[in-house]
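What follows is the content of start-v3.cif (mmCIF, C-alpha atoms).
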```
data_target
loop_
_atom_site.label_atom_id
_atom_site.label_comp_id
_atom_site.auth_asym_id
_atom_site.auth_seq_id
_atom_site.Cartn_x
_atom_site.Cartn_y
_atom_site.Cartn_z
CA MET A 29 27.15 143.80 27.93
CA THR A 30 30.31 141.71 28.21
CA ASP A 31 28.65 138.28 28.16
CA ILE A 32 27.26 137.72 24.66
CA SER A 33 26.32 134.05 25.10
CA PRO A 34 22.69 133.26 24.30
CA VAL A 35 20.25 132.84 27.15
CA ARG A 36 18.12 129.71 27.01
CA VAL A 37 14.55 130.16 28.20
CA ALA A 38 11.65 127.75 28.53
CA ALA A 39 7.87 128.22 28.40
CA VAL A 40 6.15 125.18 29.88
CA GLN A 41 2.83 124.06 28.41
CA ALA A 42 1.84 121.82 31.30
CA ALA A 43 -1.23 119.59 31.37
CA ALA A 44 -3.85 121.00 33.72
CA CYS A 45 -4.52 119.65 37.22
CA PRO A 46 -7.90 121.20 38.09
CA PHE A 47 -8.64 121.10 41.83
CA ASP A 48 -5.39 119.17 42.51
CA THR A 49 -2.91 121.66 43.87
CA ASN A 50 -0.35 119.15 45.15
CA ARG A 51 -0.16 117.51 41.73
CA ALA A 52 0.24 120.89 40.04
CA VAL A 53 3.16 121.80 42.31
CA GLU A 54 4.72 118.39 41.64
CA ILE A 55 4.54 119.09 37.89
CA VAL A 56 6.05 122.56 38.37
CA CYS A 57 8.96 120.96 40.21
CA SER A 58 9.48 118.08 37.76
CA MET A 59 9.19 120.18 34.60
CA THR A 60 11.42 122.89 36.09
CA ALA A 61 14.03 120.21 36.65
CA GLU A 62 13.59 118.99 33.06
CA ALA A 63 13.92 122.49 31.59
CA ALA A 64 16.92 123.31 33.79
CA LYS A 65 18.72 120.16 32.68
CA GLU A 66 18.26 121.38 29.10
CA GLY A 67 20.13 124.56 30.02
CA SER A 68 17.19 126.91 30.66
CA ARG A 69 17.93 129.87 32.91
CA LEU A 70 14.41 131.34 32.89
CA ILE A 71 11.34 129.09 33.09
CA LEU A 72 7.71 130.23 32.77
CA PHE A 73 4.52 128.36 33.69
CA PRO A 74 1.00 129.35 32.56
CA GLU A 75 -1.62 131.62 34.06
CA ALA A 76 -3.38 130.10 37.09
CA TYR A 77 -1.50 126.80 36.79
CA VAL A 78 -1.28 126.13 40.52
CA GLY A 79 -4.83 126.47 41.83
CA GLY A 80 -6.36 126.08 38.39
CA TYR A 81 -8.04 128.02 35.61
CA PRO A 82 -11.65 126.67 35.72
CA TRP A 83 -12.45 126.52 31.99
CA GLY A 84 -16.14 125.92 31.32
CA LEU A 85 -17.43 126.33 34.88
CA ALA A 86 -20.09 128.90 35.78
CA PHE A 87 -20.21 128.00 39.49
CA GLY A 88 -24.00 127.86 39.32
CA THR A 89 -24.37 131.56 38.53
CA ALA A 90 -26.83 133.57 36.49
CA VAL A 91 -27.52 137.29 36.47
CA GLY A 92 -29.34 137.89 39.72
CA GLY A 93 -28.81 134.39 41.12
CA ARG A 94 -26.38 131.96 42.69
CA SER A 95 -26.91 128.33 43.67
CA GLU A 96 -25.90 126.40 46.76
CA VAL A 97 -24.08 123.79 44.71
CA GLY A 98 -22.18 126.61 42.98
CA ARG A 99 -21.11 127.97 46.35
CA ARG A 100 -19.83 124.54 47.36
CA VAL A 101 -17.80 124.22 44.16
CA PHE A 102 -16.37 127.70 44.70
CA GLY A 103 -15.43 126.57 48.21
CA ARG A 104 -13.55 123.66 46.68
CA TYR A 105 -11.85 126.05 44.27
CA TRP A 106 -10.90 128.32 47.18
CA GLU A 107 -9.35 125.33 48.95
CA SER A 108 -7.28 124.65 45.81
CA ALA A 109 -5.76 128.15 45.95
CA ILE A 110 -2.55 128.84 47.86
CA ASP A 111 -1.31 131.28 50.46
CA VAL A 112 1.64 133.52 49.55
CA PRO A 113 3.86 132.81 51.42
CA GLY A 114 2.90 129.24 52.20
CA PRO A 115 4.04 125.60 51.87
CA GLU A 116 3.50 125.42 48.10
CA VAL A 117 5.54 128.59 47.65
CA GLU A 118 8.32 127.05 49.75
CA ARG A 119 8.39 123.99 47.47
CA MET A 120 8.72 126.18 44.38
CA CYS A 121 11.42 128.28 46.07
CA GLN A 122 13.28 125.06 46.76
CA VAL A 123 13.24 123.83 43.16
CA ALA A 124 14.32 127.24 41.82
CA GLY A 125 17.22 127.24 44.28
CA ASP A 126 18.16 123.62 43.66
CA PHE A 127 18.60 124.25 39.93
CA GLY A 128 19.72 127.90 40.11
CA VAL A 129 17.03 129.19 37.75
CA TRP A 130 14.66 132.13 37.51
CA LEU A 131 11.20 130.58 37.81
CA CYS A 132 7.84 132.29 37.15
CA VAL A 133 4.60 130.49 37.96
CA GLY A 134 0.94 131.46 37.57
CA VAL A 135 -1.06 130.65 40.71
CA ILE A 136 -4.42 131.33 42.33
CA GLU A 137 -3.62 133.23 45.50
CA ARG A 138 -5.78 133.51 48.61
CA ASP A 139 -5.78 136.93 50.21
CA SER A 140 -4.64 135.98 53.69
CA THR A 141 -3.96 139.55 54.88
CA TYR A 142 -7.25 141.45 54.72
CA SER A 143 -9.82 138.90 53.61
CA THR A 144 -10.43 135.18 53.87
CA GLY A 145 -12.67 134.99 50.81
CA THR A 146 -11.01 136.82 47.91
CA LEU A 147 -8.84 135.07 45.35
CA PHE A 148 -6.32 136.64 42.97
CA CYS A 149 -4.83 135.46 39.70
CA THR A 150 -1.14 135.96 40.46
CA LEU A 151 2.24 135.51 38.80
CA LEU A 152 5.03 134.59 41.23
CA TYR A 153 8.72 135.32 40.59
CA PHE A 154 11.38 133.05 42.15
CA GLY A 155 15.12 133.62 42.06
CA PRO A 156 18.04 131.21 41.62
CA ASN A 157 18.87 131.81 45.27
CA GLY A 158 15.67 129.99 46.24
CA GLU A 159 13.74 133.08 47.32
CA LEU A 160 10.36 134.50 46.34
CA LEU A 161 11.32 137.80 44.70
CA GLY A 162 7.90 139.26 44.01
CA LYS A 163 4.44 138.80 42.56
CA HIS A 164 2.01 140.40 40.15
CA ARG A 165 -1.74 140.28 40.77
CA LYS A 166 -3.89 140.51 37.65
CA LEU A 167 -5.29 144.04 37.46
CA LYS A 168 -8.51 143.25 35.58
CA PRO A 169 -10.10 139.80 35.50
CA THR A 170 -11.87 139.23 32.21
CA ALA A 171 -15.58 138.48 31.74
CA ALA A 172 -16.71 135.63 34.05
CA GLU A 173 -13.31 135.66 35.81
CA ARG A 174 -14.75 138.63 37.72
CA LEU A 175 -17.07 136.20 39.54
CA ILE A 176 -14.15 134.36 41.13
CA TRP A 177 -11.14 136.72 41.29
CA GLY A 178 -10.48 140.11 42.83
CA GLU A 179 -8.53 142.94 41.16
CA GLY A 180 -4.89 143.63 41.89
CA ASP A 181 -3.56 147.15 42.37
CA GLY A 182 -0.57 149.02 40.99
CA SER A 183 1.73 147.92 43.81
CA THR A 184 2.38 144.57 42.12
CA LEU A 185 3.46 145.78 38.68
CA THR A 186 6.55 143.75 39.40
CA THR A 187 9.74 143.39 37.40
CA VAL A 188 12.84 141.40 38.33
CA GLU A 189 16.43 142.24 37.46
CA THR A 190 18.48 139.27 36.27
CA ASP A 191 22.06 139.03 35.08
CA PHE A 192 20.78 138.84 31.49
CA GLY A 193 18.18 141.63 31.60
CA ARG A 194 15.01 142.77 33.28
CA VAL A 195 12.04 140.37 33.30
CA GLY A 196 8.39 141.26 33.82
CA GLY A 197 5.01 141.02 32.20
CA LEU A 198 1.24 140.89 32.34
CA ILE A 199 -1.35 138.14 32.57
CA CYS A 200 -3.61 137.19 29.64
CA TRP A 201 -5.93 140.02 28.52
CA GLU A 202 -4.09 142.58 30.64
CA ASN A 203 -1.91 142.54 27.54
CA TYR A 204 -4.76 144.23 25.65
CA MET A 205 -4.43 147.23 28.03
CA PRO A 206 -2.14 149.70 26.18
CA LEU A 207 -1.22 151.68 29.29
CA ALA A 208 -0.36 148.52 31.23
CA ARG A 209 1.93 147.41 28.40
CA MET A 210 3.53 150.85 28.30
CA THR A 211 4.17 150.60 32.02
CA MET A 212 6.12 147.39 31.48
CA TYR A 213 8.10 148.92 28.63
CA GLY A 214 8.84 151.94 30.81
CA LYS A 215 10.24 149.66 33.49
CA GLY A 216 12.82 148.43 31.00
CA VAL A 217 11.55 144.89 30.45
CA LYS A 218 13.71 142.95 28.00
CA ILE A 219 12.05 139.58 28.46
CA TYR A 220 8.29 140.05 28.58
CA LEU A 221 6.16 137.30 30.13
CA ALA A 222 2.61 136.77 28.89
CA PRO A 223 1.10 133.73 30.63
CA THR A 224 -2.46 133.25 29.43
CA ALA A 225 -5.58 131.10 29.16
CA ASP A 226 -6.24 132.24 25.57
CA SER A 227 -5.62 129.45 23.05
CA ARG A 228 -7.09 131.14 19.99
CA ASP A 229 -4.87 131.35 16.91
CA ARG A 230 -5.25 135.14 16.95
CA TRP A 231 -3.54 135.34 20.36
CA GLN A 232 -0.30 134.70 18.50
CA SER A 233 -0.80 138.07 16.80
CA THR A 234 -0.97 139.71 20.22
CA LEU A 235 2.29 138.12 21.33
CA GLN A 236 3.98 139.13 18.07
CA HIS A 237 2.65 142.68 18.37
CA ILE A 238 4.01 143.06 21.92
CA ALA A 239 7.42 141.86 20.73
CA LEU A 240 7.41 144.41 17.90
CA GLU A 241 5.98 147.24 19.99
CA GLY A 242 8.24 146.72 23.00
CA ARG A 243 11.25 145.53 20.99
CA CYS A 244 11.59 142.76 23.56
CA PHE A 245 11.49 138.99 23.76
CA VAL A 246 8.02 137.64 24.53
CA LEU A 247 7.22 134.32 26.19
CA GLY A 248 3.59 133.30 25.74
CA CYS A 249 2.57 130.36 27.92
CA ASN A 250 -0.69 128.42 28.23
CA GLN A 251 -1.97 125.13 29.64
CA TYR A 252 -3.14 122.08 27.73
CA VAL A 253 -6.59 121.19 29.09
CA THR A 254 -9.22 118.57 28.28
CA ARG A 255 -12.58 117.95 29.96
CA ASP A 256 -11.49 114.56 31.30
CA MET A 257 -8.78 116.24 33.40
CA TYR A 258 -11.50 117.52 35.76
CA PRO A 259 -12.39 115.50 38.88
CA LYS A 260 -15.18 113.04 38.20
CA ASP A 261 -16.92 113.95 41.47
CA LEU A 262 -17.18 117.67 40.71
CA ALA A 263 -20.71 118.67 41.75
CA ILE A 264 -21.42 120.78 38.66
CA ALA A 265 -19.45 118.81 36.09
CA ASP A 266 -22.53 118.90 33.85
CA GLU A 267 -21.70 122.56 33.11
CA LEU A 268 -18.86 121.17 31.00
CA ASP A 269 -21.15 119.09 28.78
CA VAL A 270 -21.68 121.90 26.27
CA TRP A 271 -17.92 122.45 25.88
CA PRO A 272 -15.61 120.64 23.44
CA ALA A 273 -13.42 117.78 24.62
CA THR A 274 -10.33 120.03 24.39
CA LEU A 275 -10.85 123.15 26.49
CA SER A 276 -7.43 124.67 25.77
CA ALA A 277 -5.19 123.53 22.94
CA GLY A 278 -2.29 125.60 24.30
CA GLY A 279 -0.40 127.80 21.86
CA THR A 280 2.71 128.36 24.00
CA ALA A 281 5.29 130.23 21.88
CA ILE A 282 8.32 132.55 22.03
CA TYR A 283 8.92 135.63 19.86
CA GLY A 284 11.93 137.86 19.24
CA PRO A 285 12.12 141.67 19.31
CA LEU A 286 11.41 141.99 15.57
CA GLY A 287 8.39 139.71 15.85
CA GLU A 288 10.25 136.65 14.63
CA VAL A 289 9.19 133.22 15.86
CA LEU A 290 11.89 131.73 18.08
CA GLY A 291 9.79 128.94 19.56
CA GLU A 292 6.99 127.63 17.36
CA PRO A 293 3.51 127.50 18.97
CA LEU A 294 2.81 124.16 20.62
CA TRP A 295 -0.70 122.76 20.11
CA ASN A 296 -2.80 119.89 21.50
CA LYS A 297 -0.29 118.39 23.90
CA ALA A 298 1.79 119.14 26.95
CA GLY A 299 5.43 120.03 26.44
CA ILE A 300 8.12 122.68 26.71
CA VAL A 301 8.96 125.38 24.17
CA TYR A 302 12.63 126.46 24.24
CA ALA A 303 14.49 129.36 22.68
CA ASP A 304 18.03 130.73 22.86
CA LEU A 305 17.91 134.50 23.17
CA ASP A 306 20.62 136.78 21.79
CA MET A 307 20.16 139.74 24.13
CA ARG A 308 22.18 142.00 21.77
CA SER A 309 19.33 141.84 19.27
CA ILE A 310 17.17 144.02 21.55
CA HIS A 311 19.40 147.05 21.07
CA GLN A 312 19.77 146.31 17.37
CA SER A 313 15.98 146.14 16.99
CA ARG A 314 15.52 149.55 18.61
CA PHE A 315 17.57 151.26 15.90
CA ASP A 316 14.39 152.27 14.06
CA PHE A 317 11.79 152.08 16.86
CA ASP A 318 12.21 152.62 20.59
CA VAL A 319 8.83 152.92 22.32
CA THR A 320 10.29 154.55 25.45
CA GLY A 321 13.03 156.46 23.65
CA HIS A 322 13.03 158.30 20.34
CA TYR A 323 9.43 157.20 19.58
CA ALA A 324 8.00 158.21 22.97
CA ARG A 325 7.20 161.92 22.37
CA PRO A 326 7.02 162.93 26.07
CA ASP A 327 6.28 166.49 24.95
CA VAL A 328 2.89 165.22 23.77
CA PHE A 329 2.12 162.12 25.85
CA ARG A 330 2.53 161.41 29.57
CA LEU A 331 1.68 158.23 31.50
CA ILE A 332 0.97 158.42 35.24
CA VAL A 333 1.03 155.12 37.13
CA ASP A 334 -0.11 154.79 40.74
CA GLU A 335 1.93 151.97 42.27
CA SER A 336 0.81 152.51 45.85
CA PRO A 337 -0.99 149.62 47.57
CA LYS A 338 -4.72 150.02 48.11
CA HIS A 339 -6.07 148.46 51.30
CA PRO A 340 -9.56 148.86 52.79
CA PHE A 341 -8.34 149.52 56.33
CA GLU A 342 -5.40 151.83 55.79
#
```
Can the structure from this file be put into structure tokens for me?
Amino acid sequence: MTDISPVRVAAVQAAACPFDTNRAVEIVCSMTAEAAKEGSRLILFPEAYVGGYPWGLAFGTAVGGRSEVGRRVFGRYWESAIDVPGPEVERMCQVAGDFGVWLCVGVIERDSTYSTGTLFCTLLYFGPNGELLGKHRKLKPTAAERLIWGEGDGSTLTTVETDFGRVGGLICWENYMPLARMTMYGKGVKIYLAPTADSRDRWQSTLQHIALEGRCFVLGCNQYVTRDMYPKDLAIADELDVWPATLSAGGTAIYGPLGEVLGEPLWNKAGIVYADLDMRSIHQSRFDFDVTGHYARPDVFRLIVDESPKHPFE
């Protein structure tokens, strides 16, 4: 590496815009501009930011039953999702190109190729040239997420090469999947993205562990969400009554390759967490532990990853 200047990155803890996709895209554009003006070259937004993470909603479901009102609310949620490519993607391409930044945004994606009903929790990667470079679809929705999202396949285990190192990552509790993490390490990720909806204090331990295990920088990114951010006319808003006023306190943070805190966790408000990354510290940190090198033991362990796309009609 000839350029040893630090790389400024930003993890954006945006306030939620449930069921308001246009507003969410506007916030992506405005906060990208804000972070870029502060010198950020890589900017991350939370899981499911555009399209929404529906904290507290059960969509009228119970084991063995669904309700008509729940179906209508899911229809409204489906309408809040976006097509990839599509007009919202074009707007995010534009802002990445205008400011010359690498931009990564969590969205809810409609499957417009094989199905008109399935949604995916997706991370989009935009380049400083204003192009969509790739996407990652969440491999395993967690718990009640399985009611509303489909499963991605191995074809979108995406990484992106930048001029300061390879970027890639996993969404929320995918990061509890050891083989998925190892896949990212094996792809040479130096800046590991972990957008999430988990605002528990203990999630910070997960982010720190990934940094130590992968000897990489880790950007954890979440939304700030309160019940009053939901539309007042939501048909099943009463499902939220048993939930606390703050549905997600955030916890956006940035960690270095020895587990050190570079950007303190942000709680109970919207904002941006910044850090200046010394990319040389990755190689220094791997002196005593390199998970894909001298600690890998390929004579004992092998990982096979199927990255072929899986389609029902091919």
Shell of 6 Å around A:Pro74, only C-alpha atoms, local chain residues under 2 positions omitted, as a list in words:
Tyr77, Gly134, Pro223, Cys249, Asn250 and Gln251 of chain A
Kindly resolve the PyMOL selection byres ((chain A and resi 127) around 12) on the present coordinates and return the residues as a PDB file with C-alpha atoms, in the frame of the given file.
```
ATOM      1  CA  CYS A  57       8.960 120.960  40.210  1.00  0.00           C
ATOM      2  CA  SER A  58       9.480 118.080  37.760  1.00  0.00           C
ATOM      3  CA  MET A  59       9.190 120.180  34.600  1.00  0.00           C
ATOM      4  CA  THR A  60      11.420 122.890  36.090  1.00  0.00           C
ATOM      5  CA  ALA A  61      14.030 120.210  36.650  1.00  0.00           C
ATOM      6  CA  GLU A  62      13.590 118.990  33.060  1.00  0.00           C
ATOM      7  CA  ALA A  63      13.920 122.490  31.590  1.00  0.00           C
ATOM      8  CA  ALA A  64      16.920 123.310  33.790  1.00  0.00           C
ATOM      9  CA  LYS A  65      18.720 120.160  32.680  1.00  0.00           C
ATOM     10  CA  GLU A  66      18.260 121.380  29.100  1.00  0.00           C
ATOM     11  CA  GLY A  67      20.130 124.560  30.020  1.00  0.00           C
ATOM     12  CA  SER A  68      17.190 126.910  30.660  1.00  0.00           C
ATOM     13  CA  ARG A  69      17.930 129.870  32.910  1.00  0.00           C
ATOM     14  CA  LEU A  70      14.410 131.340  32.890  1.00  0.00           C
ATOM     15  CA  ILE A  71      11.340 129.090  33.090  1.00  0.00           C
ATOM     16  CA  MET A 120       8.720 126.180  44.380  1.00  0.00           C
ATOM     17  CA  CYS A 121      11.420 128.280  46.070  1.00  0.00           C
ATOM     18  CA  GLN A 122      13.280 125.060  46.760  1.00  0.00           C
ATOM     19  CA  VAL A 123      13.240 123.830  43.160  1.00  0.00           C
ATOM     20  CA  ALA A 124      14.320 127.240  41.820  1.00  0.00           C
ATOM     21  CA  GLY A 125      17.220 127.240  44.280  1.00  0.00           C
ATOM     22  CA  ASP A 126      18.160 123.620  43.660  1.00  0.00           C
ATOM     23  CA  GLY A 128      19.720 127.900  40.110  1.00  0.00           C
ATOM     24  CA  VAL A 129      17.030 129.190  37.750  1.00  0.00           C
ATOM     25  CA  TRP A 130      14.660 132.130  37.510  1.00  0.00           C
ATOM     26  CA  LEU A 131      11.200 130.580  37.810  1.00  0.00           C
ATOM     27  CA  PHE A 154      11.380 133.050  42.150  1.00  0.00           C
ATOM     28  CA  GLY A 155      15.120 133.620  42.060  1.00  0.00           C
ATOM     29  CA  PRO A 156      18.040 131.210  41.620  1.00  0.00           C
ATOM     30  CA  ASN A 157      18.870 131.810  45.270  1.00  0.00           C
ATOM     31  CA  GLY A 158      15.670 129.990  46.240  1.00  0.00           C
TER      32      GLY A 158
END
```
With only C-alpha atoms as the counted atoms, please give the residues lying no more than 12 Å from A:Met205, apart from itself and same-chain residues fewer than 5 positions off, as a VMD selection string.
chain A and resid 166 to 170 198 to 200 210 to 212 234 238
Store the residues picked out above, limited to C-alpha atoms, as an mmCIF file, in the frame of the given file.
```cif
data_model
loop_
_atom_site.group_PDB
_atom_site.id
_atom_site.type_symbol
_atom_site.label_atom_id
_atom_site.label_comp_id
_atom_site.auth_asym_id
_atom_site.auth_seq_id
_atom_site.Cartn_x
_atom_site.Cartn_y
_atom_site.Cartn_z
ATOM 1 C CA LYS A 166 -3.890 140.510 37.650
ATOM 2 C CA LEU A 167 -5.290 144.040 37.460
ATOM 3 C CA LYS A 168 -8.510 143.250 35.580
ATOM 4 C CA PRO A 169 -10.100 139.800 35.500
ATOM 5 C CA THR A 170 -11.870 139.230 32.210
ATOM 6 C CA LEU A 198 1.240 140.890 32.340
ATOM 7 C CA ILE A 199 -1.350 138.140 32.570
ATOM 8 C CA CYS A 200 -3.610 137.190 29.640
ATOM 9 C CA MET A 210 3.530 150.850 28.300
ATOM 10 C CA THR A 211 4.170 150.600 32.020
ATOM 11 C CA MET A 212 6.120 147.390 31.480
ATOM 12 C CA THR A 234 -0.970 139.710 20.220
ATOM 13 C CA ILE A 238 4.010 143.060 21.920
#
```
For A:His164, which residue among A:Glu335, A:Ser233, A:Ile310, A:Thr280 is the nearest when counting only C-alpha atoms?
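Residue with the minimum atom-to-atom distance to A:His164: A:Glu335.
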Between A:Ser227, A:Asn50, A:Ser33, A:Asn203, which one has atoms that come closest to A:Asn296, using all atoms listed in the file?
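Ranked by minimum distance to A:Asn296, first place goes to A:Ser227.
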From atom CA of A:Gly196 to atom CA of A:Lys218 the spacing works out at 8.1 Å
Mind filling out stretch 271-302 of chain A with N, CA and C atoms and sending it as a compact mmCIF listing (two decimals), in the frame of the given file?
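Here's the written file rebuild-v5.txt:
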```txt
# COMPACT_ATOMS: atom_id res chain seq x y z
N TRP A 271 -19.24 122.03 26.34
CA TRP A 271 -17.92 122.45 25.88
C TRP A 271 -17.26 121.33 25.09
N PRO A 272 -16.32 121.67 24.20
CA PRO A 272 -15.61 120.64 23.44
C PRO A 272 -14.70 119.82 24.34
N ALA A 273 -14.27 118.67 23.84
CA ALA A 273 -13.42 117.78 24.62
C ALA A 273 -12.11 118.47 25.01
N THR A 274 -11.54 119.26 24.09
CA THR A 274 -10.33 120.03 24.39
C THR A 274 -10.73 121.45 24.76
N LEU A 275 -10.47 121.81 25.99
CA LEU A 275 -10.85 123.15 26.49
C LEU A 275 -9.78 124.18 26.18
N SER A 276 -8.53 123.78 26.15
CA SER A 276 -7.43 124.67 25.77
C SER A 276 -6.38 123.87 25.02
N ALA A 277 -6.18 124.23 23.77
CA ALA A 277 -5.19 123.53 22.94
C ALA A 277 -3.78 124.02 23.18
N GLY A 278 -3.63 125.10 23.97
CA GLY A 278 -2.29 125.60 24.30
C GLY A 278 -1.92 126.82 23.48
N GLY A 279 -0.90 126.67 22.65
CA GLY A 279 -0.40 127.80 21.86
C GLY A 279 0.80 128.49 22.47
N THR A 280 1.48 127.82 23.40
CA THR A 280 2.71 128.36 24.00
C THR A 280 3.73 128.64 22.90
N ALA A 281 4.37 129.82 22.95
CA ALA A 281 5.29 130.23 21.88
C ALA A 281 6.24 131.29 22.41
N ILE A 282 7.32 131.53 21.66
CA ILE A 282 8.32 132.55 22.03
C ILE A 282 8.64 133.37 20.79
N TYR A 283 8.67 134.71 20.96
CA TYR A 283 8.92 135.63 19.86
C TYR A 283 10.10 136.54 20.18
N GLY A 284 10.80 136.95 19.11
CA GLY A 284 11.93 137.86 19.24
C GLY A 284 11.52 139.30 19.05
N PRO A 285 12.45 140.25 19.30
CA PRO A 285 12.12 141.67 19.31
C PRO A 285 11.78 142.28 17.96
N LEU A 286 11.91 141.56 16.87
CA LEU A 286 11.41 141.99 15.57
C LEU A 286 10.21 141.16 15.15
N GLY A 287 9.59 140.50 16.12
CA GLY A 287 8.39 139.71 15.85
C GLY A 287 8.67 138.33 15.28
N GLU A 288 9.93 137.94 15.22
CA GLU A 288 10.25 136.65 14.63
C GLU A 288 9.91 135.51 15.60
N VAL A 289 9.51 134.38 15.04
CA VAL A 289 9.19 133.22 15.86
C VAL A 289 10.48 132.52 16.26
N LEU A 290 10.71 132.43 17.56
CA LEU A 290 11.89 131.73 18.08
C LEU A 290 11.54 130.36 18.63
N GLY A 291 10.29 130.22 19.08
CA GLY A 291 9.79 128.94 19.56
C GLY A 291 8.40 128.74 19.00
N GLU A 292 8.26 127.83 18.07
CA GLU A 292 6.99 127.63 17.36
C GLU A 292 5.86 127.30 18.35
N PRO A 293 4.64 127.82 18.09
CA PRO A 293 3.51 127.50 18.97
C PRO A 293 3.29 126.00 19.09
N LEU A 294 3.05 125.57 20.32
CA LEU A 294 2.81 124.16 20.62
C LEU A 294 1.31 123.96 20.80
N TRP A 295 0.75 122.98 20.10
CA TRP A 295 -0.70 122.76 20.11
C TRP A 295 -1.03 121.32 20.50
N ASN A 296 -2.13 121.17 21.26
CA ASN A 296 -2.80 119.89 21.50
C ASN A 296 -1.96 118.85 22.23
N LYS A 297 -1.04 119.31 23.03
CA LYS A 297 -0.29 118.39 23.90
C LYS A 297 0.50 119.21 24.92
N ALA A 298 0.89 118.53 25.98
CA ALA A 298 1.79 119.14 26.95
C ALA A 298 3.22 119.08 26.42
N GLY A 299 4.04 120.01 26.87
CA GLY A 299 5.43 120.03 26.44
C GLY A 299 6.12 121.31 26.86
N ILE A 300 7.33 121.50 26.38
CA ILE A 300 8.12 122.68 26.71
C ILE A 300 8.62 123.31 25.42
N VAL A 301 8.44 124.63 25.30
CA VAL A 301 8.96 125.38 24.17
C VAL A 301 10.24 126.09 24.62
N TYR A 302 11.34 125.86 23.90
CA TYR A 302 12.63 126.46 24.24
C TYR A 302 13.03 127.50 23.20
```
